[in-house]
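File shown here: protein.cif, holding mmCIF, C-alpha atoms (C1' of nucleotides).
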data_run
loop_
_atom_site.label_atom_id
_atom_site.label_comp_id
_atom_site.auth_asym_id
_atom_site.auth_seq_id
_atom_site.Cartn_x
_atom_site.Cartn_y
_atom_site.Cartn_z
CA MET A 1 -78.22 80.46 -10.64
CA PRO A 2 -81.28 79.56 -8.65
CA GLU A 3 -80.40 78.06 -5.28
CA LEU A 4 -82.61 77.68 -2.20
CA PRO A 5 -83.35 81.42 -1.66
CA GLU A 6 -84.18 81.99 -5.32
CA VAL A 7 -86.38 78.90 -5.57
CA GLU A 8 -88.14 79.74 -2.32
CA THR A 9 -88.78 83.28 -3.60
CA VAL A 10 -90.38 81.79 -6.71
CA ARG A 11 -92.39 79.27 -4.65
CA GLY A 12 -93.78 81.95 -2.38
CA GLN A 13 -94.94 84.06 -5.32
CA LEU A 14 -96.28 81.13 -7.30
CA GLU A 15 -98.36 79.45 -4.64
CA PRO A 16 -101.15 82.07 -4.27
CA LEU A 17 -101.32 82.38 -8.06
CA LEU A 18 -101.70 78.65 -8.73
CA VAL A 19 -103.45 76.87 -5.87
CA GLY A 20 -106.92 75.80 -6.96
CA ALA A 21 -106.27 76.25 -10.67
CA ARG A 22 -106.86 73.36 -13.05
CA ILE A 23 -104.43 72.59 -15.86
CA ILE A 24 -106.39 72.13 -19.08
CA ASP A 25 -103.66 71.92 -21.70
CA GLY A 26 -99.92 72.02 -22.10
CA ASP A 27 -97.01 71.76 -24.49
CA SER A 28 -93.26 71.60 -24.29
CA HIS A 29 -89.91 71.68 -26.04
CA PRO A 30 -89.13 68.20 -27.41
CA SER A 31 -86.07 67.67 -25.22
CA GLY A 32 -86.39 64.83 -22.74
CA LYS A 33 -85.64 67.36 -20.07
CA PHE A 34 -89.00 69.05 -20.63
CA ASN A 35 -91.31 66.73 -22.53
CA GLN A 36 -93.09 65.39 -19.45
CA ALA A 37 -94.69 68.79 -18.88
CA PRO A 38 -97.97 67.94 -20.70
CA ASP A 39 -98.45 64.97 -18.35
CA ALA A 40 -99.75 67.49 -15.80
CA VAL A 41 -102.81 68.23 -17.95
CA GLY A 42 -106.10 67.24 -16.34
CA HIS A 43 -104.91 67.90 -12.81
CA SER A 44 -105.74 70.58 -10.27
CA ILE A 45 -103.01 72.29 -8.31
CA GLU A 46 -103.24 71.63 -4.58
CA ALA A 47 -100.04 73.17 -3.30
CA VAL A 48 -96.65 74.49 -4.38
CA ARG A 49 -93.85 73.18 -2.19
CA ARG A 50 -90.05 73.20 -2.33
CA ARG A 51 -87.32 70.74 -1.43
CA GLY A 52 -83.80 72.08 -1.89
CA LYS A 53 -83.71 73.62 -5.35
CA TYR A 54 -86.69 71.60 -6.59
CA LEU A 55 -90.21 73.01 -6.88
CA LEU A 56 -92.84 70.37 -6.12
CA VAL A 57 -96.37 71.06 -7.35
CA ASP A 58 -98.95 68.75 -5.78
CA LEU A 59 -101.49 67.64 -8.38
CA LEU A 60 -104.99 66.30 -7.75
CA PRO A 61 -106.09 64.34 -10.82
CA ASP A 62 -109.61 63.96 -12.20
CA ARG A 63 -109.19 60.28 -11.51
CA GLY A 64 -106.36 58.03 -10.39
CA GLY A 65 -103.67 58.65 -7.78
CA ARG A 66 -102.10 61.94 -6.79
CA ARG A 67 -99.22 63.15 -8.85
CA GLU A 68 -96.45 65.68 -8.58
CA LEU A 69 -95.08 68.18 -11.08
CA ILE A 70 -91.39 68.72 -10.39
CA VAL A 71 -89.51 71.71 -11.80
CA HIS A 72 -85.78 72.32 -11.44
CA LEU A 73 -84.80 75.79 -12.66
CA GLY A 74 -81.26 74.78 -13.59
CA MET A 75 -79.05 77.74 -14.40
CA THR A 76 -81.39 80.11 -16.22
CA GLY A 77 -84.90 78.77 -15.66
CA GLY A 78 -87.83 80.91 -14.59
CA LEU A 79 -91.58 80.42 -14.06
CA HIS A 80 -94.10 83.10 -14.94
CA VAL A 81 -97.89 83.37 -14.91
CA VAL A 82 -99.18 85.35 -17.88
CA PRO A 83 -102.58 86.26 -19.40
CA SER A 84 -101.45 84.98 -22.80
CA PRO A 85 -98.18 83.42 -24.00
CA ASP A 86 -96.02 85.29 -26.51
CA ASP A 87 -93.60 83.82 -29.04
CA ASP A 88 -90.67 83.68 -26.62
CA PRO A 89 -87.99 81.47 -28.26
CA TYR A 90 -86.77 80.42 -24.81
CA GLN A 91 -90.11 79.09 -23.62
CA ARG A 92 -89.57 75.40 -22.82
CA ALA A 93 -93.00 74.51 -21.42
CA ARG A 94 -96.45 76.02 -21.08
CA TRP A 95 -99.51 74.97 -19.13
CA GLY A 96 -102.94 76.49 -19.86
CA LEU A 97 -105.07 77.08 -16.76
CA ASP A 98 -108.87 76.85 -16.59
CA ASP A 99 -109.26 80.59 -15.95
CA GLY A 100 -107.42 81.50 -19.15
CA ARG A 101 -104.03 82.24 -17.64
CA HIS A 102 -100.86 80.35 -18.56
CA LEU A 103 -97.96 79.09 -16.48
CA VAL A 104 -94.81 79.41 -18.57
CA PHE A 105 -91.34 77.92 -18.03
CA ARG A 106 -88.57 79.79 -19.81
CA ASP A 107 -84.97 78.61 -19.73
CA ILE A 108 -82.34 80.06 -22.05
CA ARG A 109 -79.66 77.44 -21.51
CA ARG A 110 -81.91 74.42 -21.05
CA PHE A 111 -80.20 73.26 -17.87
CA GLY A 112 -83.58 73.03 -16.14
CA ARG A 113 -85.71 69.95 -15.90
CA ILE A 114 -89.39 69.03 -15.64
CA ALA A 115 -90.85 65.75 -14.42
CA VAL A 116 -94.35 64.50 -13.64
CA VAL A 117 -94.32 61.53 -11.27
CA ALA A 118 -96.54 59.59 -8.90
CA HIS A 119 -96.76 61.69 -5.75
CA GLY A 120 -93.55 61.32 -3.75
CA ASP A 121 -91.88 58.95 -6.21
CA HIS A 122 -88.53 60.64 -6.77
CA ARG A 123 -86.58 57.67 -8.06
CA SER A 124 -86.18 59.23 -11.50
CA LEU A 125 -84.41 62.23 -9.93
CA PRO A 126 -81.45 60.77 -8.01
CA THR A 127 -80.34 64.01 -6.40
CA LEU A 128 -83.85 64.72 -5.11
CA HIS A 129 -84.21 61.10 -4.04
CA GLN A 130 -81.08 61.33 -1.89
CA LEU A 131 -81.46 64.96 -0.87
CA GLY A 132 -80.16 66.05 2.52
CA PRO A 133 -82.33 67.80 5.12
CA GLU A 134 -83.63 71.32 4.65
CA PRO A 135 -81.24 73.87 6.20
CA PHE A 136 -84.03 75.20 8.43
CA ASP A 137 -85.21 71.80 9.60
CA PRO A 138 -85.41 72.37 13.38
CA GLY A 139 -84.35 68.77 13.87
CA LEU A 140 -81.00 69.48 12.22
CA ASP A 141 -78.26 70.42 14.68
CA ALA A 142 -74.46 70.63 14.61
CA ALA A 143 -74.05 66.98 15.57
CA GLY A 144 -76.46 65.80 12.91
CA PHE A 145 -74.88 67.99 10.26
CA HIS A 146 -71.40 66.82 11.26
CA ALA A 147 -72.52 63.21 10.98
CA ARG A 148 -73.70 63.86 7.42
CA LEU A 149 -70.54 65.77 6.48
CA VAL A 150 -68.20 62.97 7.55
CA ARG A 151 -69.95 60.43 5.35
CA SER A 152 -67.67 61.59 2.55
CA ASN A 153 -63.97 62.30 2.34
CA ARG A 154 -64.41 64.66 -0.60
CA ARG A 155 -63.61 68.33 -0.32
CA ILE A 156 -66.18 70.03 1.90
CA LYS A 157 -67.44 72.31 -0.85
CA THR A 158 -67.77 69.50 -3.39
CA HIS A 159 -69.73 67.55 -0.81
CA LEU A 160 -72.05 70.52 -0.12
CA LEU A 161 -72.75 70.92 -3.85
CA SER A 162 -73.79 67.25 -4.06
CA GLN A 163 -76.92 68.20 -2.04
CA ARG A 164 -76.42 65.20 0.21
CA PRO A 165 -75.31 66.76 3.51
CA ILE A 166 -77.90 69.56 3.24
CA ALA A 167 -80.40 70.67 0.59
CA GLY A 168 -80.39 73.72 -1.63
CA VAL A 169 -76.82 75.03 -1.51
CA GLY A 170 -75.10 75.90 -4.80
CA ASN A 171 -71.87 77.60 -5.76
CA ILE A 172 -72.79 81.10 -4.59
CA TYR A 173 -74.03 80.27 -1.10
CA ALA A 174 -71.39 77.58 -0.57
CA ASP A 175 -68.65 80.17 -1.15
CA GLU A 176 -70.47 82.70 1.03
CA ALA A 177 -71.06 80.32 3.93
CA LEU A 178 -67.54 78.89 3.87
CA TRP A 179 -66.17 82.44 3.92
CA ARG A 180 -68.41 83.35 6.83
CA ALA A 181 -67.45 80.19 8.75
CA CYS A 182 -63.73 80.65 7.92
CA ILE A 183 -63.40 77.19 6.36
CA HIS A 184 -61.25 76.47 3.31
CA PRO A 185 -63.41 75.10 0.47
CA GLY A 186 -60.93 72.27 -0.08
CA ALA A 187 -60.97 71.08 3.56
CA ARG A 188 -61.60 67.36 3.83
CA ARG A 189 -61.94 66.81 7.54
CA VAL A 190 -64.28 69.12 9.38
CA GLY A 191 -64.81 68.54 13.08
CA LEU A 192 -67.89 69.10 15.20
CA GLU A 193 -67.02 72.67 16.07
CA ARG A 194 -66.47 73.73 12.46
CA SER A 195 -69.57 71.81 11.35
CA GLY A 196 -71.62 73.86 13.79
CA ARG A 197 -70.06 77.09 12.53
CA LEU A 198 -70.78 76.09 8.95
CA LEU A 199 -74.41 75.23 9.71
CA ASP A 200 -74.87 78.60 11.43
CA ALA A 201 -73.20 80.36 8.48
CA LEU A 202 -75.38 78.55 5.95
CA ARG A 203 -78.51 79.48 7.85
CA SER A 204 -77.59 83.15 8.14
CA VAL A 205 -76.42 83.44 4.52
CA LEU A 206 -79.58 81.78 3.21
CA THR A 207 -81.86 83.79 5.51
CA GLU A 208 -80.34 87.07 4.37
CA ALA A 209 -80.50 86.10 0.70
CA LEU A 210 -84.15 85.13 1.07
CA ALA A 211 -84.89 88.47 2.70
CA HIS A 212 -83.54 90.12 -0.46
CA ASN A 213 -85.44 87.90 -2.91
CA GLY A 214 -82.31 86.03 -3.92
CA THR A 215 -79.24 86.85 -5.99
CA THR A 216 -79.53 88.01 -9.61
CA LEU A 217 -76.12 87.82 -11.28
CA ARG A 218 -77.63 87.93 -14.73
CA ASP A 219 -80.60 85.71 -15.47
CA PHE A 220 -82.55 85.07 -12.27
CA ARG A 221 -86.00 86.66 -12.25
CA THR A 222 -88.85 86.30 -9.78
CA VAL A 223 -92.32 85.23 -10.97
CA ASP A 224 -93.25 88.85 -11.68
CA GLY A 225 -90.03 89.43 -13.63
CA ALA A 226 -88.17 91.41 -10.96
CA THR A 227 -84.54 90.83 -10.03
CA GLY A 228 -83.35 89.85 -6.56
CA SER A 229 -81.05 92.24 -4.73
CA ASN A 230 -78.75 89.97 -2.75
CA GLN A 231 -76.02 90.33 -5.40
CA HIS A 232 -75.11 93.65 -3.79
CA ARG A 233 -74.41 91.92 -0.49
CA LEU A 234 -72.03 89.12 -1.47
CA ASP A 235 -68.82 88.98 0.60
CA CYS A 236 -66.94 86.38 -1.41
CA TYR A 237 -68.52 84.82 -4.51
CA GLY A 238 -67.30 86.51 -7.69
CA ARG A 239 -65.00 88.87 -5.77
CA SER A 240 -61.65 87.31 -6.63
CA GLY A 241 -58.84 89.85 -6.34
CA GLN A 242 -60.89 92.19 -4.19
CA PRO A 243 -60.09 92.71 -0.50
CA CYS A 244 -61.59 90.40 2.12
CA GLY A 245 -64.13 92.35 4.18
CA ARG A 246 -62.72 90.86 7.38
CA CYS A 247 -58.94 91.03 7.01
CA GLY A 248 -58.22 92.96 3.82
CA SER A 249 -56.28 90.20 2.06
CA ALA A 250 -57.03 89.80 -1.64
CA LEU A 251 -59.60 87.07 -2.16
CA THR A 252 -58.27 84.26 -4.31
CA SER A 253 -59.99 82.05 -6.85
CA ARG A 254 -59.23 78.62 -8.26
CA SER A 255 -61.01 75.67 -9.77
CA LEU A 256 -61.60 72.81 -7.32
CA ASP A 257 -63.16 69.64 -8.72
CA GLN A 258 -64.15 71.52 -11.90
CA ARG A 259 -65.95 74.24 -9.93
CA THR A 260 -64.77 77.80 -9.50
CA SER A 261 -64.23 78.64 -5.84
CA THR A 262 -63.36 81.95 -4.24
CA TRP A 263 -62.03 82.28 -0.70
CA CYS A 264 -59.83 84.37 1.57
CA PRO A 265 -56.33 82.87 1.78
CA THR A 266 -55.87 84.36 5.25
CA CYS A 267 -59.20 83.85 7.01
CA GLN A 268 -59.81 80.51 5.32
CA ALA A 269 -56.32 79.04 5.58
CA ARG A 270 -56.04 75.29 5.38
"C1'" DC B 271 -72.47 52.20 -4.08
"C1'" DG B 272 -69.29 56.09 -3.93
"C1'" DG B 273 -66.70 58.73 -6.81
"C1'" DG B 274 -64.74 60.50 -11.22
"C1'" DG B 275 -65.41 62.13 -15.87
"C1'" DT B 276 -68.63 63.73 -19.49
"C1'" DT B 277 -72.51 66.01 -21.23
"C1'" DC B 278 -76.04 69.23 -21.95
"C1'" DC B 279 -76.73 74.58 -23.54
"C1'" DT B 280 -76.32 79.70 -24.90
"C1'" DG B 281 -75.09 84.53 -24.11
"C1'" DG B 282 -71.47 87.42 -22.82
"C1'" DC B 283 -66.96 88.61 -23.14
"C1'" DC B 284 -62.14 88.76 -24.78
"C1'" DG B 285 -58.54 89.08 -28.12
"C1'" DC B 286 -57.19 89.49 -32.75
"C1'" DT C 287 -67.14 94.79 -37.21
"C1'" DG C 288 -66.83 89.93 -37.09
"C1'" DC C 289 -65.64 85.80 -35.27
"C1'" DG C 290 -63.38 81.87 -32.94
"C1'" DG C 291 -62.59 80.43 -28.39
"C1'" DC C 292 -63.58 80.28 -23.71
"C1'" DC C 293 -66.37 80.56 -19.57
"C1'" DA C 294 -70.36 80.01 -16.38
"C1'" DG C 295 -72.24 75.35 -13.84
"C1'" DG C 296 -76.52 71.66 -11.58
"C1'" DA C 297 -77.43 67.35 -12.07
"C1'" DA C 298 -78.21 63.36 -14.97
"C1'" DC C 299 -75.68 59.84 -16.84
"C1'" DC C 300 -72.14 56.34 -17.69
"C1'" DC C 301 -68.46 53.70 -16.07
"C1'" DC C 302 -65.16 51.66 -12.82
#
Translate this structure into structure tokens?
Amino acid sequence: MPELPEVETVRGQLEPLLVGARIIDGDSHPSGKFNQAPDAVGHSIEAVRRRGKYLLVDLLPDRGGRRELIVHLGMTGGLHVVPSPDDDPYQRARWGLDDGRHLVFRDIRRFGRIAVVAHGDHRSLPTLHQLGPEPFDPGLDAAGFHARLVRSNRRIKTHLLSQRPIAGVGNIYADEALWRACIHPGARRVGLERSGRLLDALRSVLTEALAHNGTTLRDFRTVDGATGSNQHRLDCYGRSGQPCGRCGSALTSRSLDQRTSTWCPTCQAR
DNA sequence: CGGGGTTCCTGGCCGC
DNA sequence: TGCGGCCAGGAACCCC
């Protein structure tokens, strides 16, 4: 599932392909999750940015104010630039570019989302509107992260997945970072020292995943159709029953707040 | 307004 | 071989 490293991998590949192109036509699947895609027609692409798991495409219109094309990849979404579209049944949106190429959004399970809004107006996307700071924001330190973590009494992992303490962390990298920081996913009170450890763990886990073009469990593909390779480096996620790489205990798995979590019962004791 | 429950989706996998 | 049932899960959405 695309989280920060996967989305950033896509952003980095997409930007040089798209900047300067003009969108001349578009169509979409009728679902309300995708049917704003054609609203980007008539705009030129200025930049491709990212906030958390959201791709933000800055649009310069022929006339009127600046707009923004927002794409969330959901579980199985992918963006590809192709010379001509085929009859892919999982294509959910397509934008024709002025040089004849097409930007295509394909998403098997339709958990993704597309919006076209006035530039910077994120009110229609509550999670983006209330998104926490980027993990690599140099202004974010242990004290600041701790202050955001203690705003909620929910389980630490549930809080991380809400995107409010920090942006871009999903189930895979939450499990990985909590394992690395030796924090139980169900912990509710995390002090300053553990907050600092968790921030460091998040940064290292995300940096390493980005260096390997993200994690492909099944569906994730980069813009050119390649898989990531970080799946071979996971210490915790999806490894229930296998030995912990630190202490050898069998990793355990359980559903917390309707989300599967895996952790080491020894290293990550309550 | 925070938090809890529900919903959207389909392919892969398991057991019979 | 075929098929019903279950699972994966981000974020919008509704409600208290």
I'd like the box whose edges run along x, y and z of the file and which contains every listed atom of chain C, padded by 3 Å per side; could you state its centre and edge lengths in Å, one decimal, as AutoDock Vina command-line options?
--center_x -70.4 --center_y 73.2 --center_z -24.4 --size_x 21.6 --size_y 49.1 --size_z 31.6
Care to translate the PyMOL selection byres ((chain A) within 9 of (chain B)) into actual residues of this file, as a PyMOL selection string? chain A and resi 108-111+152+154
Written selection (C-alpha atoms) as a short mmCIF file (atom, residue, chain, number, x, y, z; two decimals), keeping the file's coordinate frame:
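Listing of again-v2.cif after writing:
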data_model
loop_
_atom_site.label_atom_id
_atom_site.label_comp_id
_atom_site.auth_asym_id
_atom_site.auth_seq_id
_atom_site.Cartn_x
_atom_site.Cartn_y
_atom_site.Cartn_z
CA ILE A 108 -82.34 80.06 -22.05
CA ARG A 109 -79.66 77.44 -21.51
CA ARG A 110 -81.91 74.42 -21.05
CA PHE A 111 -80.20 73.26 -17.87
CA SER A 152 -67.67 61.59 2.55
CA ARG A 154 -64.41 64.66 -0.60
#
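The residue that comes closest to chain C, out of A:Arg188, A:Arg259, A:Arg270, A:His146 and on the basis of only C-alpha atoms (C1' of nucleotides), is A:Arg259.
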Where does chain C meet chain A within 12 Å, residue by residue, with the nearest atom pair and distance in Å to one decimal for each, counting all atoms listed in the file, listed by chain and rising number, as JSON lines?
{"residue": "C:DC293", "atom": "C1'", "partner": "A:Thr260", "partner_atom": "CA", "distance": 10.6}
{"residue": "C:DA294", "atom": "C1'", "partner": "A:Thr260", "partner_atom": "CA", "distance": 9.1}
{"residue": "C:DG295", "atom": "C1'", "partner": "A:Met75", "partner_atom": "CA", "distance": 7.2}
{"residue": "C:DG296", "atom": "C1'", "partner": "A:Gly74", "partner_atom": "CA", "distance": 6.0}
{"residue": "C:DA297", "atom": "C1'", "partner": "A:Thr127", "partner_atom": "CA", "distance": 7.2}
{"residue": "C:DA298", "atom": "C1'", "partner": "A:Leu125", "partner_atom": "CA", "distance": 8.1}
{"residue": "C:DC299", "atom": "C1'", "partner": "A:Pro126", "partner_atom": "CA", "distance": 10.6}
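As for atom CA of A:Pro138 and atom CA of A:Ala174, they are spaced 20.5 Å apart.
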Between atom CA of A:Leu178 and atom CA of A:Gly139, what is the distance, to one decimal in Å?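 Going from atom CA of A:Leu178 over to atom CA of A:Gly139, I get 22.0 Å.
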Skipping near chain neighbours, those fewer than 2 positions away, what residues fall within 9 Å of A:Gly186 using all atoms listed in the file, listed as a PyMOL selection string? chain A and resi 154-158+183-184+188+256+270
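Atom CA of A:Glu176 sits 15.4 Å away from atom CA of A:Cys247.
Across the chains present, the PyMOL selection byres ((chain A and resi 194) around 9) applied to this file returns A:Ala142, A:His146, A:Ala181, A:Cys182, A:Ile183, A:Val190, A:Gly191, A:Leu192, A:Glu193, A:Ser195, A:Gly196, A:Arg197, A:Leu198, A:Leu199.
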Which is closer to A:Leu14 than all the others in A:Arg106, A:His80, A:Arg221, A:Arg180, using only C-alpha atoms? A:His80
Report as a list in words the residues that result from applying the PyMOL selection byres ((chain A and resi 206) around 9) to the structure here.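 So the PyMOL selection byres ((chain A and resi 206) around 9) ends up selecting Leu4, Pro5, Pro135, Val169, Tyr173, Ala177, Ala201, Leu202, Arg203, Ser204, Val205, Thr207, Glu208, Ala209, Leu210, Ala211 and Gly214 of chain A.
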Just the selected residues (C-alpha atoms), exported as an mmCIF file, in the coordinates of the input, please.
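part_29.cif was written with the following content:
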data_model
loop_
_atom_site.group_PDB
_atom_site.id
_atom_site.type_symbol
_atom_site.label_atom_id
_atom_site.label_comp_id
_atom_site.auth_asym_id
_atom_site.auth_seq_id
_atom_site.Cartn_x
_atom_site.Cartn_y
_atom_site.Cartn_z
ATOM 1 C CA LEU A 4 -82.610 77.680 -2.200
ATOM 2 C CA PRO A 5 -83.350 81.420 -1.660
ATOM 3 C CA PRO A 135 -81.240 73.870 6.200
ATOM 4 C CA VAL A 169 -76.820 75.030 -1.510
ATOM 5 C CA TYR A 173 -74.030 80.270 -1.100
ATOM 6 C CA ALA A 177 -71.060 80.320 3.930
ATOM 7 C CA ALA A 201 -73.200 80.360 8.480
ATOM 8 C CA LEU A 202 -75.380 78.550 5.950
ATOM 9 C CA ARG A 203 -78.510 79.480 7.850
ATOM 10 C CA SER A 204 -77.590 83.150 8.140
ATOM 11 C CA VAL A 205 -76.420 83.440 4.520
ATOM 12 C CA THR A 207 -81.860 83.790 5.510
ATOM 13 C CA GLU A 208 -80.340 87.070 4.370
ATOM 14 C CA ALA A 209 -80.500 86.100 0.700
ATOM 15 C CA LEU A 210 -84.150 85.130 1.070
ATOM 16 C CA ALA A 211 -84.890 88.470 2.700
ATOM 17 C CA GLY A 214 -82.310 86.030 -3.920
#
Excluding A:Ser249 and residues on its chain fewer than 4 positions from it, collect all residues at most 9 Å away from it, counting only C-alpha atoms (C1' of nucleotides), and give them as a list in words.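 My reading of the contact set: Gly241, Gln242, Pro243, Cys244, Gly245, Cys264, Pro265, Thr266 and Cys267 of chain A.
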